[in-house]
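Novice: This is the content of my_file01.cif (mmCIF, C-alpha atoms):
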data_protein
#
loop_
_atom_site.group_PDB
_atom_site.id
_atom_site.type_symbol
_atom_site.label_atom_id
_atom_site.label_comp_id
_atom_site.auth_asym_id
_atom_site.auth_seq_id
_atom_site.Cartn_x
_atom_site.Cartn_y
_atom_site.Cartn_z
ATOM 1 C CA THR A 1 0.000 0.000 0.000
ATOM 2 C CA ILE A 2 1.315 3.418 -0.986
ATOM 3 C CA SER A 3 -0.036 6.432 0.853
ATOM 4 C CA VAL A 4 0.656 9.999 -0.345
ATOM 5 C CA LEU A 5 -0.258 13.115 1.656
ATOM 6 C CA ILE A 6 -0.309 16.375 -0.315
ATOM 7 C CA THR A 7 -0.620 19.645 1.592
ATOM 8 C CA GLY A 8 -0.455 23.277 0.603
ATOM 9 C CA THR A 9 -1.411 26.790 1.452
ATOM 10 C CA ARG A 10 -4.298 28.459 -0.321
ATOM 11 C CA ALA A 11 -4.810 32.197 -0.415
ATOM 12 C CA SER A 12 -8.303 33.485 -1.037
ATOM 13 C CA SER A 13 -9.211 36.659 -2.959
ATOM 14 C CA LEU A 14 -10.091 38.283 0.387
ATOM 15 C CA GLY A 15 -6.537 37.828 1.637
ATOM 16 C CA SER A 16 -7.161 34.969 4.048
ATOM 17 C CA VAL A 17 -4.775 32.017 4.085
ATOM 18 C CA GLY A 18 -5.771 28.425 4.694
ATOM 19 C CA GLN A 19 -4.206 24.980 4.722
ATOM 20 C CA ILE A 20 -5.521 22.357 2.343
ATOM 21 C CA GLY A 21 -4.557 18.717 2.009
ATOM 22 C CA ARG A 22 -5.478 15.400 0.574
ATOM 23 C CA THR A 23 -4.357 11.833 1.180
ATOM 24 C CA ILE A 24 -4.348 9.318 -1.658
ATOM 25 C CA GLU A 25 -3.830 5.581 -1.083
ATOM 26 C CA LYS A 26 -3.136 3.003 -3.743
ATOM 27 C CA ASN A 27 -2.807 -0.750 -3.387
ATOM 28 C CA ILE A 28 -0.347 -2.352 -5.783
ATOM 29 C CA LYS A 29 -0.278 -6.121 -6.120
ATOM 30 C CA ILE A 30 2.826 -7.726 -7.575
ATOM 31 C CA SER A 31 2.284 -11.006 -9.399
ATOM 32 C CA ALA A 32 4.176 -14.161 -8.520
ATOM 33 C CA ASN A 33 7.273 -15.010 -10.513
ATOM 34 C CA LEU A 34 6.549 -18.628 -11.419
ATOM 35 C CA LEU A 35 9.472 -20.286 -13.205
ATOM 36 C CA LEU A 36 9.784 -23.577 -15.082
ATOM 37 C CA ALA A 37 13.203 -25.145 -15.600
ATOM 38 C CA THR A 38 13.306 -28.078 -18.022
ATOM 39 C CA LYS A 39 16.089 -30.427 -19.034
ATOM 40 C CA THR A 40 16.767 -33.763 -20.658
ATOM 41 C CA LEU A 41 18.801 -36.256 -18.618
ATOM 42 C CA ARG A 42 20.373 -39.649 -19.114
ATOM 43 C CA GLY A 43 21.115 -40.022 -15.392
ATOM 44 C CA GLY A 44 18.971 -39.004 -12.462
ATOM 45 C CA PRO A 45 16.372 -41.073 -10.632
ATOM 46 C CA ILE A 46 15.276 -43.049 -13.720
ATOM 47 C CA ALA A 47 17.583 -45.596 -15.365
ATOM 48 C CA ASN A 48 17.826 -45.139 -19.133
ATOM 49 C CA THR A 49 18.885 -47.534 -21.877
ATOM 50 C CA GLY A 50 20.293 -47.357 -25.389
ATOM 51 C CA PRO A 51 23.126 -45.286 -26.801
ATOM 52 C CA VAL A 52 23.831 -42.006 -24.996
ATOM 53 C CA ILE A 53 24.504 -40.400 -28.368
ATOM 54 C CA PRO A 54 21.327 -41.235 -30.280
ATOM 55 C CA LYS A 55 21.830 -43.695 -33.113
ATOM 56 C CA ALA A 56 19.515 -44.032 -36.111
ATOM 57 C CA GLU A 57 17.140 -47.000 -35.930
ATOM 58 C CA THR A 58 18.242 -47.812 -32.346
ATOM 59 C CA ALA A 59 16.052 -47.194 -29.287
ATOM 60 C CA SER A 60 17.245 -44.831 -26.551
ATOM 61 C CA THR A 61 15.398 -43.602 -23.487
ATOM 62 C CA TYR A 62 15.731 -40.185 -21.897
ATOM 63 C CA THR A 63 14.449 -38.587 -18.712
ATOM 64 C CA ALA A 64 12.541 -35.316 -18.915
ATOM 65 C CA ASP A 65 12.949 -33.167 -15.793
ATOM 66 C CA TRP A 66 10.452 -30.377 -15.046
ATOM 67 C CA ILE A 67 11.067 -28.077 -12.059
ATOM 68 C CA LEU A 68 8.645 -25.381 -10.899
ATOM 69 C CA SER A 69 9.871 -22.636 -8.586
ATOM 70 C CA ASN A 70 8.102 -19.556 -7.300
ATOM 71 C CA THR A 71 9.472 -16.415 -5.669
ATOM 72 C CA TRP A 72 6.440 -14.944 -3.894
ATOM 73 C CA ASN A 73 2.642 -15.337 -3.692
ATOM 74 C CA ASP A 74 1.194 -18.816 -3.416
ATOM 75 C CA ILE A 75 0.125 -20.479 -6.662
ATOM 76 C CA SER A 76 -2.920 -22.696 -7.175
ATOM 77 C CA SER A 77 -4.244 -24.723 -10.109
ATOM 78 C CA ALA A 78 -0.782 -25.129 -11.653
ATOM 79 C CA LYS A 79 -0.676 -27.250 -14.804
ATOM 80 C CA VAL A 80 2.206 -28.076 -17.146
ATOM 81 C CA THR A 81 1.510 -29.681 -20.543
ATOM 82 C CA THR A 82 3.267 -30.740 -23.710
ATOM 83 C CA GLN A 83 2.455 -32.841 -26.742
ATOM 84 C CA LEU A 84 4.834 -35.632 -27.725
ATOM 85 C CA PRO A 85 5.950 -35.927 -31.358
ATOM 86 C CA SER A 86 4.642 -38.980 -33.216
ATOM 87 C CA TYR A 87 8.067 -40.674 -33.097
ATOM 88 C CA VAL A 88 8.416 -40.442 -29.272
ATOM 89 C CA GLU A 89 6.939 -43.048 -26.905
ATOM 90 C CA TRP A 90 5.701 -42.486 -23.356
ATOM 91 C CA THR A 91 7.124 -45.329 -21.204
ATOM 92 C CA GLY A 92 4.955 -44.652 -18.155
ATOM 93 C CA ILE A 93 7.934 -44.419 -15.778
ATOM 94 C CA THR A 94 7.767 -41.351 -13.523
ATOM 95 C CA ASN A 95 9.484 -40.128 -10.385
ATOM 96 C CA PRO A 96 8.081 -39.681 -7.891
ATOM 97 C CA SER A 97 5.698 -42.474 -8.766
ATOM 98 C CA THR A 98 2.947 -40.565 -6.930
ATOM 99 C CA ALA A 99 3.349 -37.464 -9.123
ATOM 100 C CA ASN A 100 0.094 -36.263 -10.591
ATOM 101 C CA ILE A 101 1.208 -36.743 -14.207
ATOM 102 C CA ILE A 102 -0.857 -38.380 -16.927
ATOM 103 C CA TYR A 103 -0.432 -39.217 -20.586
ATOM 104 C CA ASP A 104 -3.348 -39.206 -23.024
ATOM 105 C CA THR A 105 -2.672 -41.796 -25.730
ATOM 106 C CA ASP A 106 -5.189 -40.236 -28.132
ATOM 107 C CA THR A 107 -3.880 -36.663 -28.035
ATOM 108 C CA ARG A 108 -0.277 -37.587 -27.052
ATOM 109 C CA ILE A 109 -0.442 -34.867 -24.380
ATOM 110 C CA VAL A 110 1.513 -35.142 -21.131
ATOM 111 C CA THR A 111 -0.112 -33.212 -18.258
ATOM 112 C CA TRP A 112 1.466 -32.580 -14.859
ATOM 113 C CA THR A 113 -0.789 -30.971 -12.258
ATOM 114 C CA PRO A 114 1.219 -30.204 -9.126
ATOM 115 C CA ASP A 115 -1.743 -27.905 -8.266
ATOM 116 C CA SER A 116 -0.170 -25.668 -5.604
ATOM 117 C CA VAL A 117 3.296 -24.114 -5.601
ATOM 118 C CA SER A 118 4.100 -22.289 -2.372
ATOM 119 C CA ALA A 119 5.769 -18.905 -2.258
ATOM 120 C CA GLY A 120 9.512 -19.545 -1.914
ATOM 121 C CA ALA A 121 9.439 -22.943 -3.670
ATOM 122 C CA GLY A 122 12.853 -23.478 -5.234
ATOM 123 C CA PHE A 123 14.395 -20.764 -3.085
ATOM 124 C CA ASN A 124 13.890 -21.279 0.660
ATOM 125 C CA LEU A 125 11.566 -24.267 0.124
ATOM 126 C CA PRO A 126 11.990 -27.340 -2.093
ATOM 127 C CA PRO A 127 10.777 -26.829 -5.684
ATOM 128 C CA LYS A 128 8.030 -28.897 -7.280
ATOM 129 C CA GLU A 129 9.766 -31.420 -9.540
ATOM 130 C CA VAL A 130 8.806 -34.372 -11.702
ATOM 131 C CA PHE A 131 10.829 -36.763 -13.873
ATOM 132 C CA PHE A 132 9.385 -38.937 -16.633
ATOM 133 C CA GLN A 133 10.882 -41.227 -19.222
ATOM 134 C CA LEU A 134 10.532 -40.998 -22.996
ATOM 135 C CA LYS A 135 11.713 -43.431 -25.687
ATOM 136 C CA ILE A 136 12.844 -42.551 -29.178
ATOM 137 C CA ILE A 137 14.008 -44.604 -32.154
ATOM 138 C CA PRO A 138 15.566 -41.944 -34.402
ATOM 139 C CA SER A 139 15.104 -42.385 -38.124
ATOM 140 C CA LEU A 140 17.813 -42.085 -40.786
ATOM 141 C CA SER A 141 16.237 -38.776 -41.804
ATOM 142 C CA GLN A 142 17.125 -37.399 -38.329
ATOM 143 C CA VAL A 143 20.879 -38.089 -38.662
ATOM 144 C CA GLY A 144 22.743 -34.884 -37.795
ATOM 145 C CA ASP A 145 19.749 -33.452 -35.886
ATOM 146 C CA ALA A 146 18.918 -33.351 -32.175
ATOM 147 C CA PRO A 147 15.262 -34.499 -32.386
ATOM 148 C CA GLN A 148 12.623 -32.987 -30.172
ATOM 149 C CA LEU A 149 11.408 -35.259 -27.401
ATOM 150 C CA THR A 150 8.487 -32.957 -26.570
ATOM 151 C CA GLY A 151 6.646 -30.065 -28.113
ATOM 152 C CA ASN A 152 6.770 -26.629 -26.520
ATOM 153 C CA ILE A 153 5.881 -26.820 -22.821
ATOM 154 C CA SER A 154 2.941 -24.729 -21.579
ATOM 155 C CA VAL A 155 2.377 -23.583 -18.007
ATOM 156 C CA THR A 156 -0.821 -22.141 -16.542
ATOM 157 C CA ALA A 157 -1.518 -21.291 -12.907
ATOM 158 C CA ASN A 158 -3.446 -18.918 -10.656
ATOM 159 C CA ASP A 159 -1.716 -16.345 -8.445
ATOM 160 C CA THR A 160 -3.764 -16.544 -5.229
ATOM 161 C CA PHE A 161 -2.783 -13.038 -4.067
ATOM 162 C CA THR A 162 -3.494 -11.103 -7.265
ATOM 163 C CA ASN A 163 -6.102 -13.630 -8.451
ATOM 164 C CA LYS A 164 -4.564 -13.423 -11.933
ATOM 165 C CA ILE A 165 -3.855 -16.261 -14.346
ATOM 166 C CA ILE A 166 -0.171 -16.809 -15.111
ATOM 167 C CA SER A 167 0.674 -18.503 -18.404
ATOM 168 C CA PHE A 168 3.824 -18.930 -20.427
ATOM 169 C CA THR A 169 5.551 -21.369 -22.767
ATOM 170 C CA SER A 170 9.013 -22.952 -22.569
ATOM 171 C CA PRO A 171 10.947 -24.465 -25.481
ATOM 172 C CA ALA A 172 10.701 -28.154 -26.363
ATOM 173 C CA LEU A 173 13.117 -30.711 -24.920
ATOM 174 C CA THR A 174 15.468 -32.458 -27.344
ATOM 175 C CA THR A 175 17.952 -35.329 -27.194
ATOM 176 C CA GLN A 176 20.584 -32.819 -26.062
ATOM 177 C CA THR A 177 21.203 -33.768 -22.443
ATOM 178 C CA ALA A 178 22.105 -31.535 -19.516
ATOM 179 C CA ASP A 179 24.157 -34.153 -17.650
ATOM 180 C CA SER A 180 26.720 -35.216 -20.249
ATOM 181 C CA ASN A 181 28.873 -33.799 -23.022
ATOM 182 C CA ASN A 182 26.475 -35.362 -25.506
ATOM 183 C CA GLN A 183 25.310 -32.849 -28.045
ATOM 184 C CA GLY A 184 22.343 -35.091 -28.799
ATOM 185 C CA TYR A 185 22.835 -35.271 -32.555
ATOM 186 C CA VAL A 186 21.731 -38.524 -34.171
ATOM 187 C CA THR A 187 24.511 -40.623 -35.727
ATOM 188 C CA LYS A 188 24.425 -43.547 -38.152
#
Kindly return the structure encoded in the file as structure tokens.
Specialist:
Amino acid sequence: TISVLITGTRASSLGSVGQIGRTIEKNIKISANLLLATKTLRGGPIANTGPVIPKAETASTYTADWILSNTWNDISSAKVTTQLPSYVEWTGITNPSTANIIYDTDTRIVTWTPDSVSAGAGFNLPPKEVFFQLKIIPSLSQVGDAPQLTGNISVTANDTFTNKIISFTSPALTTQTADSNNQGYVTK
């Protein structure tokens, strides 16, 4: 809350002097700073198989890691979604196994609903985090590329203090991993 008091002296046409003043108050609400960090891993809490450097016509699995953090203001109704490319398979392996994450086989959409994200999550409190495994068999046409494992990743949530919807999009995950020197480019 910002409060401003303005005072002054007013002289009338009759020569009298008087004090005038006015107080103005304004409430300013600052929205939460909800952040999503994403990365592709070969290590971590899920064991992966296949070549670390993706090889054409050979199956490899990767772990997607999504981490939500939040500076201030509690968050409710948080939802993170992405659509898998047609050449990527959902293995069903998640960590934690109790994470509220589902995969729709018809739409190929992965949806994680951590629901609430407390103020300070990822800073002075643990972040909300989920890992899930994806499988890819790169084609010969993908040699030299780092194929996408997901589509762009969308986040929506409600800031409980400002009662505003927060939404943003993060880039897709690829076979480029964060935990190795692997550049993720498919080889023959």
Novice: Grab all the atoms of region 43-53 of chain A that the file lists, wrap them in a box along x, y and z, add 4 Å per side, and give me centre plus edge lengths in Å (one decimal) as JSON.
Specialist:
{"center_x": 19.9, "center_y": -43.3, "center_z": -19.5, "size_x": 17.2, "size_y": 16.5, "size_z": 25.7}
Novice: So what do you get for CA of Ile137 (chain A) versus CA of Thr63 (chain A), distance-wise?
Specialist: 14.7 Å
Novice: Take the PyMOL selection byres ((chain A and resi 132) around 12), run it mentally on this structure, and tell me the resulting residues as a count of residues only.
Specialist: 44
Novice: Tell me, in Å to one decimal, how far CA of Phe123 (chain A) is from CA of Thr71 (chain A).
Specialist: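 If I compute the distance from CA of Phe123 (chain A) to CA of Thr71 (chain A), I get 7.1 Å.
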Novice: What's the 10 Å shell around Glu57 (chain A), counting only C-alpha atoms, without same-chain residues fewer than 5 positions away, as a PyMOL selection string?
Specialist: chain A and resi 136-140+142+186-188
Novice: Quote the spacing between CA of Val4 (chain A) and CA of Ile24 (chain A) in Å to one decimal place.
Specialist: 5.2 Å
Novice: What's the 8 Å shell around Thr9 (chain A), counting only C-alpha atoms, without same-chain residues fewer than 2 positions away, as a list in words?
Specialist: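 So, after excluding close chain neighbours, the residues are Thr7, Ala11, Val17, Gly18, Gln19 and Ile20 of chain A.
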Novice: Step by step, work through what the PyMOL selection byres ((chain A and resi 109) around 8) selects in the shown file, and finish by giving those residues as a PyMOL selection string.
Specialist: chain A and resi 81-84+103-105+107-108+110-111
